[in-house]
$ cat protein_23.txt   # compact mmCIF, C-alpha atoms and all ligand atoms
# COMPACT_ATOMS: atom_id res chain seq x y z
CA MET A 1106 -148.72 35.87 114.22
CA GLU A 1107 -151.85 37.78 115.14
CA THR A 1108 -153.21 40.38 112.76
CA VAL A 1109 -153.73 43.91 114.03
CA LEU A 1110 -155.65 46.50 112.06
CA SER A 1111 -156.19 50.14 112.69
CA GLY A 1112 -158.16 52.72 110.74
CA ILE A 1113 -157.03 56.30 110.78
CA ARG A 1114 -159.55 59.09 110.38
CA PRO A 1115 -158.18 61.50 107.82
CA THR A 1116 -158.85 64.58 109.89
CA GLY A 1117 -156.14 67.10 110.51
CA ASN A 1118 -152.45 66.89 111.22
CA LEU A 1119 -150.85 64.79 113.91
CA HIS A 1120 -150.09 66.48 117.20
CA LEU A 1121 -147.83 65.54 120.07
CA GLY A 1122 -150.77 63.93 121.89
CA ASN A 1123 -151.35 61.58 118.94
CA TYR A 1124 -147.66 60.84 118.76
CA TYR A 1125 -147.21 59.75 122.37
CA GLY A 1126 -150.74 58.37 122.69
CA ALA A 1127 -151.00 56.08 119.68
CA VAL A 1128 -148.51 56.52 116.89
CA ARG A 1129 -145.50 55.37 118.89
CA SER A 1130 -147.45 52.29 119.95
CA PHE A 1131 -148.25 51.55 116.30
CA VAL A 1132 -144.56 51.78 115.49
CA LYS A 1133 -143.79 49.24 118.19
CA MET A 1134 -146.65 46.96 117.19
CA GLN A 1135 -145.43 46.59 113.64
CA TYR A 1136 -142.51 44.52 114.94
CA GLU A 1137 -144.76 42.30 117.04
CA TYR A 1138 -147.81 41.67 114.86
CA ASN A 1139 -148.94 41.39 111.28
CA CYS A 1140 -150.13 44.99 111.04
CA PHE A 1141 -152.49 46.80 108.71
CA PHE A 1142 -152.83 50.56 109.00
CA PHE A 1143 -155.11 52.41 106.66
CA ILE A 1144 -156.52 55.84 106.07
CA ALA A 1145 -160.32 55.68 106.20
CA ASP A 1146 -161.11 58.11 103.40
CA TRP A 1147 -164.37 56.41 102.40
CA HIS A 1148 -165.69 56.79 105.89
CA SER A 1149 -165.10 60.51 105.73
CA LEU A 1150 -167.68 60.74 102.92
CA THR A 1151 -170.38 59.90 105.45
CA THR A 1152 -170.03 63.39 106.88
CA HIS A 1153 -168.15 65.31 104.15
CA PRO A 1154 -169.61 64.37 100.76
CA THR A 1155 -167.37 66.68 98.73
CA PRO A 1156 -164.01 66.71 100.45
CA GLU A 1157 -161.63 69.28 99.18
CA ASN A 1158 -158.48 67.64 97.97
CA ILE A 1159 -158.98 64.27 99.55
CA GLN A 1160 -155.87 62.85 97.87
CA ASN A 1161 -153.65 65.49 99.32
CA SER A 1162 -154.93 65.04 102.82
CA ALA A 1163 -154.41 61.28 102.60
CA ARG A 1164 -150.85 61.94 101.40
CA THR A 1165 -150.19 64.35 104.24
CA ILE A 1166 -151.36 61.88 106.84
CA LEU A 1167 -149.40 59.09 105.24
CA ALA A 1168 -146.26 61.24 105.26
CA GLU A 1169 -146.72 62.06 108.94
CA TYR A 1170 -147.18 58.45 110.00
CA LEU A 1171 -144.20 57.33 107.96
CA ALA A 1172 -142.12 60.16 109.42
CA CYS A 1173 -143.00 58.88 112.90
CA GLY A 1174 -141.57 55.50 112.04
CA LEU A 1175 -144.26 53.36 110.46
CA ASP A 1176 -142.37 51.09 108.11
CA PRO A 1177 -144.03 50.07 104.84
CA GLU A 1178 -141.77 47.02 104.70
CA LYS A 1179 -143.03 45.80 108.06
CA ALA A 1180 -146.67 46.92 108.14
CA THR A 1181 -149.22 47.14 105.36
CA ILE A 1182 -149.99 50.84 105.11
CA TYR A 1183 -152.71 51.78 102.67
CA VAL A 1184 -155.55 54.06 101.74
CA GLN A 1185 -159.03 52.55 102.13
CA SER A 1186 -160.28 53.71 98.73
CA ASP A 1187 -157.38 51.91 97.02
CA VAL A 1188 -158.87 48.55 98.03
CA PRO A 1189 -162.17 48.05 96.17
CA GLU A 1190 -162.46 44.48 97.53
CA THR A 1191 -163.69 46.03 100.78
CA ILE A 1192 -166.94 47.11 99.14
CA GLU A 1193 -167.95 43.63 98.12
CA LEU A 1194 -167.58 42.36 101.65
CA TYR A 1195 -169.43 45.47 102.87
CA LEU A 1196 -172.33 44.46 100.62
CA TYR A 1197 -172.50 40.91 101.98
CA LEU A 1198 -172.27 42.14 105.56
CA ASN A 1199 -175.04 44.67 104.94
CA MET A 1200 -177.34 41.82 103.88
CA ASN A 1201 -177.08 40.33 107.36
CA THR A 1202 -177.20 43.51 109.39
CA TYR A 1203 -180.53 44.81 110.60
CA ILE A 1204 -181.68 48.40 110.48
CA GLY A 1205 -182.80 48.13 114.10
CA GLU A 1206 -179.30 47.49 115.37
CA LEU A 1207 -177.69 50.07 113.10
CA GLY A 1208 -180.21 52.65 114.27
CA ARG A 1209 -179.22 52.07 117.89
CA VAL A 1210 -175.57 53.01 117.32
CA THR A 1211 -174.97 56.21 119.31
CA THR A 1212 -172.46 57.68 116.88
CA PHE A 1213 -175.10 57.38 114.17
CA LYS A 1214 -177.71 59.06 116.32
CA GLU A 1215 -175.31 61.86 117.17
CA LYS A 1216 -174.30 62.45 113.57
CA ALA A 1217 -177.92 62.33 112.46
CA ARG A 1218 -178.62 65.10 114.95
CA GLN A 1219 -175.64 67.10 113.74
CA GLN A 1220 -176.49 66.80 110.04
CA PRO A 1221 -180.29 66.43 109.84
CA ASP A 1222 -180.28 67.23 106.12
CA ASN A 1223 -177.82 64.48 105.30
CA VAL A 1224 -178.78 61.34 107.19
CA ASN A 1225 -177.45 59.15 104.39
CA ALA A 1226 -177.32 55.37 104.05
CA GLY A 1227 -173.51 55.47 104.20
CA LEU A 1228 -173.69 57.08 107.60
CA PHE A 1229 -176.23 54.48 108.68
CA THR A 1230 -173.99 51.62 107.53
CA TYR A 1231 -170.75 53.12 108.84
CA PRO A 1232 -170.39 50.15 111.22
CA THR A 1233 -170.65 47.55 108.45
CA LEU A 1234 -168.02 49.33 106.36
CA MET A 1235 -165.81 49.32 109.42
CA ALA A 1236 -166.55 45.64 109.94
CA ALA A 1237 -165.56 44.97 106.32
CA ASP A 1238 -162.29 46.89 106.88
CA ILE A 1239 -161.49 44.58 109.75
CA LEU A 1240 -162.89 41.24 108.61
CA GLN A 1241 -161.39 41.35 105.12
CA HIS A 1242 -157.98 40.80 106.75
CA ARG A 1243 -159.42 38.55 109.43
CA ALA A 1244 -157.81 40.84 112.00
CA THR A 1245 -158.09 39.72 115.61
CA LYS A 1246 -156.93 42.88 117.36
CA VAL A 1247 -158.10 46.41 116.69
CA PRO A 1248 -156.61 49.34 118.60
CA VAL A 1249 -159.50 51.73 119.18
CA GLY A 1250 -160.62 54.36 121.62
CA LYS A 1251 -163.65 54.19 123.90
CA ASP A 1252 -165.80 55.96 121.29
CA GLN A 1253 -165.44 52.98 118.95
CA GLU A 1254 -166.68 50.27 121.29
CA GLN A 1255 -170.12 50.07 119.75
CA ASN A 1256 -168.69 49.85 116.25
CA MET A 1257 -166.44 47.04 117.42
CA GLU A 1258 -169.43 45.25 118.92
CA MET A 1259 -171.09 45.49 115.50
CA ALA A 1260 -167.98 44.12 113.80
CA ARG A 1261 -168.03 41.12 116.13
CA LYS A 1262 -171.73 40.67 115.46
CA CYS A 1263 -171.06 40.69 111.71
CA ALA A 1264 -168.37 38.04 112.11
CA ARG A 1265 -170.49 35.86 114.37
CA ARG A 1266 -173.58 36.16 112.24
CA PHE A 1267 -171.78 35.35 109.00
CA ASN A 1268 -170.21 32.30 110.63
CA ASN A 1269 -173.59 31.17 111.98
CA ILE A 1270 -175.62 31.74 108.83
CA TYR A 1271 -173.15 29.98 106.55
CA LYS A 1272 -171.97 27.39 109.09
CA THR A 1273 -168.37 28.40 108.81
CA GLU A 1274 -165.54 29.58 111.03
CA LEU A 1275 -164.08 31.96 108.49
CA PHE A 1276 -164.13 35.11 110.58
CA PRO A 1277 -162.43 35.41 113.94
CA GLU A 1278 -164.12 37.88 116.27
CA PRO A 1279 -161.98 41.01 116.39
CA GLN A 1280 -161.11 42.20 119.88
CA ASN A 1281 -160.59 45.76 121.08
CA PHE A 1282 -156.92 46.26 121.68
CA TYR A 1283 -156.08 48.70 124.44
CA PHE A 1284 -152.50 49.79 124.62
CA ALA A 1285 -153.25 52.31 127.34
CA LYS A 1286 -150.45 50.97 129.47
CA GLU A 1287 -147.93 52.09 126.88
CA ALA A 1288 -149.80 55.18 125.75
CA VAL A 1289 -148.66 58.37 127.36
CA LYS A 1290 -151.13 61.16 127.91
CA VAL A 1291 -149.71 64.52 126.90
CA PRO A 1292 -151.22 67.45 128.81
CA GLY A 1293 -152.65 70.43 126.97
CA LEU A 1294 -150.91 73.81 126.99
CA ASP A 1295 -154.05 75.52 128.25
CA GLY A 1296 -153.75 73.89 131.65
CA SER A 1297 -156.05 71.02 130.72
CA GLY A 1298 -155.03 67.44 131.29
CA LYS A 1299 -155.05 66.36 127.68
CA MET A 1300 -153.75 67.58 124.37
CA GLY A 1301 -156.44 67.37 121.71
CA LYS A 1302 -156.98 69.26 118.53
CA SER A 1303 -160.46 70.42 119.47
CA ASP A 1304 -159.09 72.27 122.44
CA GLY A 1305 -156.74 74.47 120.47
CA ASN A 1306 -154.11 73.59 122.98
CA CYS A 1307 -151.79 71.48 120.96
CA ILE A 1308 -148.46 71.32 119.25
CA TYR A 1309 -148.49 69.75 115.81
CA LEU A 1310 -145.68 67.69 114.39
CA CYS A 1311 -145.65 70.10 111.47
CA ASP A 1312 -145.29 73.20 113.69
CA GLU A 1313 -142.03 74.98 113.00
CA PRO A 1314 -139.64 75.55 115.91
CA LYS A 1315 -140.59 79.19 116.27
CA VAL A 1316 -144.28 78.28 116.43
CA ILE A 1317 -143.52 75.60 119.01
CA ARG A 1318 -141.54 78.05 121.16
CA LYS A 1319 -144.32 80.59 121.01
CA LYS A 1320 -146.98 78.04 121.96
CA VAL A 1321 -144.98 76.65 124.86
CA MET A 1322 -144.16 80.11 126.21
CA LYS A 1323 -147.89 80.83 126.27
CA ALA A 1324 -148.72 77.74 128.33
CA VAL A 1325 -150.95 78.51 131.29
CA THR A 1326 -149.23 78.88 134.68
CA ASP A 1327 -149.94 80.62 137.99
CA LEU A 1328 -148.20 82.97 140.45
CA GLY A 1329 -145.47 80.49 141.27
CA PRO A 1330 -144.52 78.40 144.30
CA GLN A 1331 -145.47 80.13 147.54
CA THR A 1332 -144.30 77.77 150.28
CA PRO A 1333 -141.50 75.19 150.14
CA ASN A 1334 -142.41 71.63 149.16
CA SER A 1335 -146.05 72.46 148.53
CA PRO A 1336 -148.12 70.23 146.28
CA LYS A 1337 -148.38 71.50 142.71
CA PRO A 1338 -151.68 72.92 141.48
CA GLU A 1339 -153.11 71.07 138.52
CA VAL A 1340 -151.94 73.42 135.76
CA ILE A 1341 -148.40 73.30 137.09
CA GLN A 1342 -148.50 69.55 137.54
CA ASN A 1343 -149.52 69.35 133.90
CA LEU A 1344 -146.49 71.38 132.89
CA PHE A 1345 -144.27 69.04 134.87
CA ASN A 1346 -145.99 66.01 133.38
CA PHE A 1347 -145.27 67.44 129.97
CA MET A 1348 -141.64 67.87 130.89
CA LYS A 1349 -141.42 64.32 132.15
CA ILE A 1350 -142.42 63.13 128.69
CA VAL A 1351 -140.11 65.18 126.50
CA SER A 1352 -137.18 66.18 128.70
CA ALA A 1353 -134.26 64.35 130.28
CA GLU A 1354 -134.68 63.12 133.84
CA ASP A 1355 -132.02 65.51 135.15
CA THR A 1356 -133.82 68.45 133.61
CA TYR A 1357 -137.05 67.42 135.24
CA ASN A 1358 -135.39 66.95 138.62
CA TYR A 1359 -133.67 70.32 138.34
CA PHE A 1360 -136.96 72.18 137.90
CA ASP A 1361 -138.71 70.02 140.47
CA GLU A 1362 -136.12 71.06 143.06
CA LYS A 1363 -136.62 74.67 142.05
CA TRP A 1364 -140.32 74.26 142.67
CA ASN A 1365 -139.68 72.75 146.07
CA ASP A 1366 -137.38 75.53 147.24
CA CYS A 1367 -139.62 78.23 145.73
CA THR A 1368 -137.05 79.52 143.24
CA LEU A 1369 -138.78 78.26 140.11
CA ARG A 1370 -139.31 80.75 137.32
CA TYR A 1371 -141.85 79.46 134.86
CA GLY A 1372 -140.23 81.40 132.02
CA ASP A 1373 -137.02 79.41 132.43
CA MET A 1374 -138.88 76.16 132.68
CA LYS A 1375 -140.93 76.85 129.56
CA LYS A 1376 -137.85 77.87 127.60
CA GLN A 1377 -136.26 74.55 128.43
CA LEU A 1378 -139.49 72.70 127.70
CA ALA A 1379 -139.79 74.39 124.31
CA GLU A 1380 -136.26 73.34 123.34
CA ASP A 1381 -136.93 69.77 124.39
CA VAL A 1382 -140.16 69.67 122.38
CA VAL A 1383 -138.32 71.06 119.37
CA ALA A 1384 -135.69 68.34 119.77
CA VAL A 1385 -138.40 65.65 119.65
CA ILE A 1386 -140.28 67.13 116.73
CA GLN A 1387 -137.51 68.44 114.51
CA PRO A 1388 -136.22 65.11 113.16
CA ILE A 1389 -139.80 63.97 112.51
CA GLN A 1390 -140.53 67.22 110.78
CA GLU A 1391 -137.49 66.87 108.56
CA ARG A 1392 -138.77 63.49 107.42
CA ILE A 1393 -142.26 64.91 106.82
CA ASN A 1394 -140.69 67.58 104.62
CA GLU A 1395 -138.69 64.99 102.73
CA PHE A 1396 -141.90 63.20 101.82
CA ALA A 1397 -143.58 66.48 100.93
CA THR A 1398 -140.92 67.08 98.31
CA ASN A 1399 -140.99 63.50 97.10
CA GLN A 1400 -144.60 62.74 96.18
CA GLN A 1401 -143.41 59.96 93.91
CA LEU A 1402 -141.99 58.05 96.84
CA LEU A 1403 -145.18 58.56 98.81
CA ASP A 1404 -147.29 57.34 95.91
CA ASN A 1405 -145.10 54.27 95.52
CA ILE A 1406 -145.47 53.44 99.19
CA ALA A 1407 -149.26 53.83 98.94
CA ARG A 1408 -149.32 51.63 95.85
CA MET A 1409 -147.25 48.93 97.52
CA GLY A 1410 -149.56 49.03 100.57
CA ALA A 1411 -152.63 48.80 98.37
CA GLU A 1412 -151.24 45.76 96.57
CA LYS A 1413 -150.57 43.92 99.81
CA ALA A 1414 -153.96 44.89 101.25
CA ARG A 1415 -155.81 43.86 98.08
CA GLU A 1416 -154.09 40.50 98.08
CA SER A 1417 -155.11 39.86 101.68
CA ALA A 1418 -158.68 41.07 101.08
CA ALA A 1419 -159.02 39.07 97.86
CA ALA A 1420 -158.02 35.87 99.64
CA THR A 1421 -160.80 36.39 102.19
CA LEU A 1422 -163.27 37.37 99.53
CA ARG A 1423 -162.60 34.21 97.54
CA GLU A 1424 -163.55 32.22 100.62
CA VAL A 1425 -166.64 34.34 101.20
CA ARG A 1426 -167.83 33.87 97.60
CA LYS A 1427 -167.26 30.13 97.83
CA ILE A 1428 -169.11 29.92 101.13
CA ILE A 1429 -172.14 31.87 99.90
CA GLY A 1430 -172.10 30.04 96.57
CA PHE A 1431 -170.99 32.63 94.04
CA ARG A 1432 -168.62 31.94 91.20
CA VAL A 1433 -164.93 32.25 92.09
CA TYR A 1434 -162.66 33.38 89.32
N1 LIG B 1501 -164.23 54.58 113.01
C1 LIG B 1501 -162.83 54.80 113.27
C2 LIG B 1501 -162.67 56.17 113.95
O1 LIG B 1501 -163.54 57.00 113.83
C3 LIG B 1501 -162.01 54.78 112.01
C4 LIG B 1501 -162.09 53.43 111.37
C5 LIG B 1501 -162.68 53.12 110.19
C6 LIG B 1501 -161.56 52.23 111.90
N2 LIG B 1501 -162.51 51.78 109.93
C7 LIG B 1501 -161.84 51.22 110.96
C8 LIG B 1501 -160.86 51.92 113.08
C9 LIG B 1501 -161.47 49.88 111.18
C10 LIG B 1501 -160.50 50.61 113.30
C11 LIG B 1501 -160.79 49.60 112.35
O2 LIG B 1501 -161.67 56.40 114.58

$ encode --input "protein_23.txt" --output "structure tokens"
Amino acid sequence: METVLSGIRPTGNLHLGNYYGAVRSFVKMQYEYNCFFFIADWHSLTTHPTPENIQNSARTILAEYLACGLDPEKATIYVQSDVPETIELYLYLNMNTYIGELGRVTTFKEKARQQPDNVNAGLFTYPTLMAADILQHRATKVPVGKDQEQNMEMARKCARRFNNIYKTELFPEPQNFYFAKEAVKVPGLDGSGKMGKSDGNCIYLCDEPKVIRKKVMKAVTDLGPQTPNSPKPEVIQNLFNFMKIVSAEDTYNYFDEKWNDCTLRYGDMKKQLAEDVVAVIQPIQERINEFATNQQLLDNIARMGAEKARESAAATLREVRKIIGFRVY
């Protein structure tokens, strides 16, 4: 079975866009592949050297992913900093990675511009840490967005170069794994085509029903249908697209007909939409809250994940040490 690995940036709470875009695909993948999912808390030090309450934010994210259906019995779910083996591989990979190529990585250049007083070596070697994350489990598929393509190219380079230098075939080259065909794009509530946390247009899985209702009622609309069967303007199409994702087909068709015969009242549509969003989120939210009140359970799950991840990483590292010529204990 192929190994899939995905790193999760520990920034902020999950929103509905994350849920339909990636998290549901992860849940499905865990039944089809040998999956590793981890929270990249070390990576966050490259930009935030003194994170406030880093343990709590890792716990929160873990709780949200588990509440969405990630299963610690199926997938290996862990926190990056719980697996010290990664650092040793990171060191070896750094020895064969050149400053020229690291300096050409656009995310590095961007971050260096954004934080000119903190252009640290960790930031510079972000791609080799990411390569170590991937190669330590000899993962072959990595679900990533477009913004990670260059980092993935570096990970493949690390694998190839190690194999070449030491005349081995230890590392498979990890491939970008696009699940765009399954991913569903959730529109933003501000009329934009995409829900994203930077846009302040999103509904979080931890939003309480009354917050959800308020947000949905505020969604951007227009004057309403003017002539029968007219095409929908973009903001309205977005609202319908949203409904298609969370509501029943009949509900969607009902409001679509209302649009076509010019009797649609957006207030009614949004009320229905809000209830359907609440119905999707509420059970997830209940599970998030269960974890929030049971930190022990969450810690046990993280510990179990770390054990499995360390075992997998240690097996690779033993090979690496043998290949380079270091003592193997
Ligand atoms: N760089 C990734 C991001 O910003 C997070 C990440 C770290 C990652 N290590 C990884 C993703 C390994 C995939 C595999 O989203």

$ residues_around --input "protein_23.txt" --residues "region 1329-1342 of chain A" --least-positions-apart "4" --cutoff "7 Å" --atoms "only C-alpha atoms" --output "short mmCIF file (atom, residue, chain, number, x, y, z; two decimals) with C-alpha atoms, in the coordinates of the input"
data_model
loop_
_atom_site.label_atom_id
_atom_site.label_comp_id
_atom_site.auth_asym_id
_atom_site.auth_seq_id
_atom_site.Cartn_x
_atom_site.Cartn_y
_atom_site.Cartn_z
CA GLY A 1296 -153.75 73.89 131.65
CA SER A 1297 -156.05 71.02 130.72
CA VAL A 1325 -150.95 78.51 131.29
CA ASN A 1346 -145.99 66.01 133.38
CA TRP A 1364 -140.32 74.26 142.67
CA ASN A 1365 -139.68 72.75 146.07
CA ASP A 1366 -137.38 75.53 147.24
CA CYS A 1367 -139.62 78.23 145.73
#

$ residues_near_ligand --input "protein_23.txt" --ligand "ligand LIG 1501 (chain B)" --cutoff "10 Å" --atoms "only C-alpha atoms and all ligand atoms" --output "ChimeraX atom specification"
/A:1109-1116,1141-1149,1185,1212,1231-1240,1244,1246-1254,1256-1257,1260,1279,1281

$ closest_residue --input "protein_23.txt" --among "A:Thr1230, A:Gln1377, A:Thr1245, A:Thr1152" --to "Tyr1359 (chain A)" --atoms "only C-alpha atoms"
A:Gln1377

$ closest_residue --input "protein_23.txt" --among "A:Phe1276, A:Arg1408, A:Gln1241, A:Phe1360" --to "Glu1190 (chain A)" --atoms "all atoms listed in the file"
A:Gln1241

$ closest_residue --input "protein_23.txt" --among "A:Leu1402, A:Ala1379, A:Ala1264, A:Leu1344" --to "Gly1298 (chain A)" --atoms "only C-alpha atoms"
A:Leu1344

$ residues_around --input "protein_23.txt" --residues "Leu1207 (chain A)" --least-positions-apart "2" --cutoff "12 Å" --atoms "only C-alpha atoms" --output "PDB file with C-alpha atoms, in the frame of the given file"
ATOM      1  CA  ASN A1199    -175.040  44.670 104.940  1.00  0.00           C
ATOM      2  CA  ASN A1201    -177.080  40.330 107.360  1.00  0.00           C
ATOM      3  CA  THR A1202    -177.200  43.510 109.390  1.00  0.00           C
ATOM      4  CA  TYR A1203    -180.530  44.810 110.600  1.00  0.00           C
ATOM      5  CA  ILE A1204    -181.680  48.400 110.480  1.00  0.00           C
ATOM      6  CA  GLY A1205    -182.800  48.130 114.100  1.00  0.00           C
ATOM      7  CA  ARG A1209    -179.220  52.070 117.890  1.00  0.00           C
ATOM      8  CA  VAL A1210    -175.570  53.010 117.320  1.00  0.00           C
ATOM      9  CA  THR A1211    -174.970  56.210 119.310  1.00  0.00           C
ATOM     10  CA  THR A1212    -172.460  57.680 116.880  1.00  0.00           C
ATOM     11  CA  PHE A1213    -175.100  57.380 114.170  1.00  0.00           C
ATOM     12  CA  LYS A1214    -177.710  59.060 116.320  1.00  0.00           C
ATOM     13  CA  ALA A1226    -177.320  55.370 104.050  1.00  0.00           C
ATOM     14  CA  GLY A1227    -173.510  55.470 104.200  1.00  0.00           C
ATOM     15  CA  LEU A1228    -173.690  57.080 107.600  1.00  0.00           C
ATOM     16  CA  PHE A1229    -176.230  54.480 108.680  1.00  0.00           C
ATOM     17  CA  THR A1230    -173.990  51.620 107.530  1.00  0.00           C
ATOM     18  CA  TYR A1231    -170.750  53.120 108.840  1.00  0.00           C
ATOM     19  CA  PRO A1232    -170.390  50.150 111.220  1.00  0.00           C
ATOM     20  CA  THR A1233    -170.650  47.550 108.450  1.00  0.00           C
ATOM     21  CA  LEU A1234    -168.020  49.330 106.360  1.00  0.00           C
ATOM     22  CA  GLN A1255    -170.120  50.070 119.750  1.00  0.00           C
ATOM     23  CA  ASN A1256    -168.690  49.850 116.250  1.00  0.00           C
ATOM     24  CA  GLU A1258    -169.430  45.250 118.920  1.00  0.00           C
ATOM     25  CA  MET A1259    -171.090  45.490 115.500  1.00  0.00           C
ATOM     26  CA  ALA A1260    -167.980  44.120 113.800  1.00  0.00           C
ATOM     27  CA  LYS A1262    -171.730  40.670 115.460  1.00  0.00           C
ATOM     28  CA  CYS A1263    -171.060  40.690 111.710  1.00  0.00           C
TER      29      CYS A1263
END

$ residues_around --input "protein_23.txt" --residues "region 1170-1174 of chain A" --least-positions-apart "4" --cutoff "9 Å" --atoms "all atoms listed in the file" --output "VMD selection string"
chain A and resid 1119 1124 1128 to 1129 1131 to 1132 1165 to 1166 1388 to 1396

$ write_last_selection --input "protein_23.txt" --atoms "C-alpha atoms" --output "tab-separated table (two decimals), in the coordinates of the input"
chain	number	residue	atom	x	y	z
A	1119	LEU	CA	-150.85	64.79	113.91
A	1124	TYR	CA	-147.66	60.84	118.76
A	1128	VAL	CA	-148.51	56.52	116.89
A	1129	ARG	CA	-145.50	55.37	118.89
A	1131	PHE	CA	-148.25	51.55	116.30
A	1132	VAL	CA	-144.56	51.78	115.49
A	1165	THR	CA	-150.19	64.35	104.24
A	1166	ILE	CA	-151.36	61.88	106.84
A	1388	PRO	CA	-136.22	65.11	113.16
A	1389	ILE	CA	-139.80	63.97	112.51
A	1390	GLN	CA	-140.53	67.22	110.78
A	1391	GLU	CA	-137.49	66.87	108.56
A	1392	ARG	CA	-138.77	63.49	107.42
A	1393	ILE	CA	-142.26	64.91	106.82
A	1394	ASN	CA	-140.69	67.58	104.62
A	1395	GLU	CA	-138.69	64.99	102.73
A	1396	PHE	CA	-141.90	63.20	101.82

$ atom_distance --input "protein_23.txt" --atom1 "CA of Leu1194 (chain A)" --atom2 "CA of Tyr1434 (chain A)"
16.0 Å

$ closest_residue --input "protein_23.txt" --among "A:Asn1405, A:Ser1162, A:Asn1343, A:Ser1352" --to "Lys1376 (chain A)" --atoms "only C-alpha atoms"
A:Ser1352

$ atom_distance --input "protein_23.txt" --atom1 "CA of Glu1313 (chain A)" --atom2 "CA of Gln1387 (chain A)"
8.1 Å

$ atom_distance --input "protein_23.txt" --atom1 "CA of Val1385 (chain A)" --atom2 "CA of Lys1299 (chain A)"
18.5 Å

$ closest_residue --input "protein_23.txt" --among "A:Val1184, A:Ile1428, A:Met1322, A:Leu1198" --to "Ala1163 (chain A)" --atoms "only C-alpha atoms"
A:Val1184

$ closest_residue --input "protein_23.txt" --among "A:Leu1378, A:Ala1397, A:Ile1429, A:Ile1317" --to "Glu1169 (chain A)" --atoms "all atoms listed in the file"
A:Ala1397
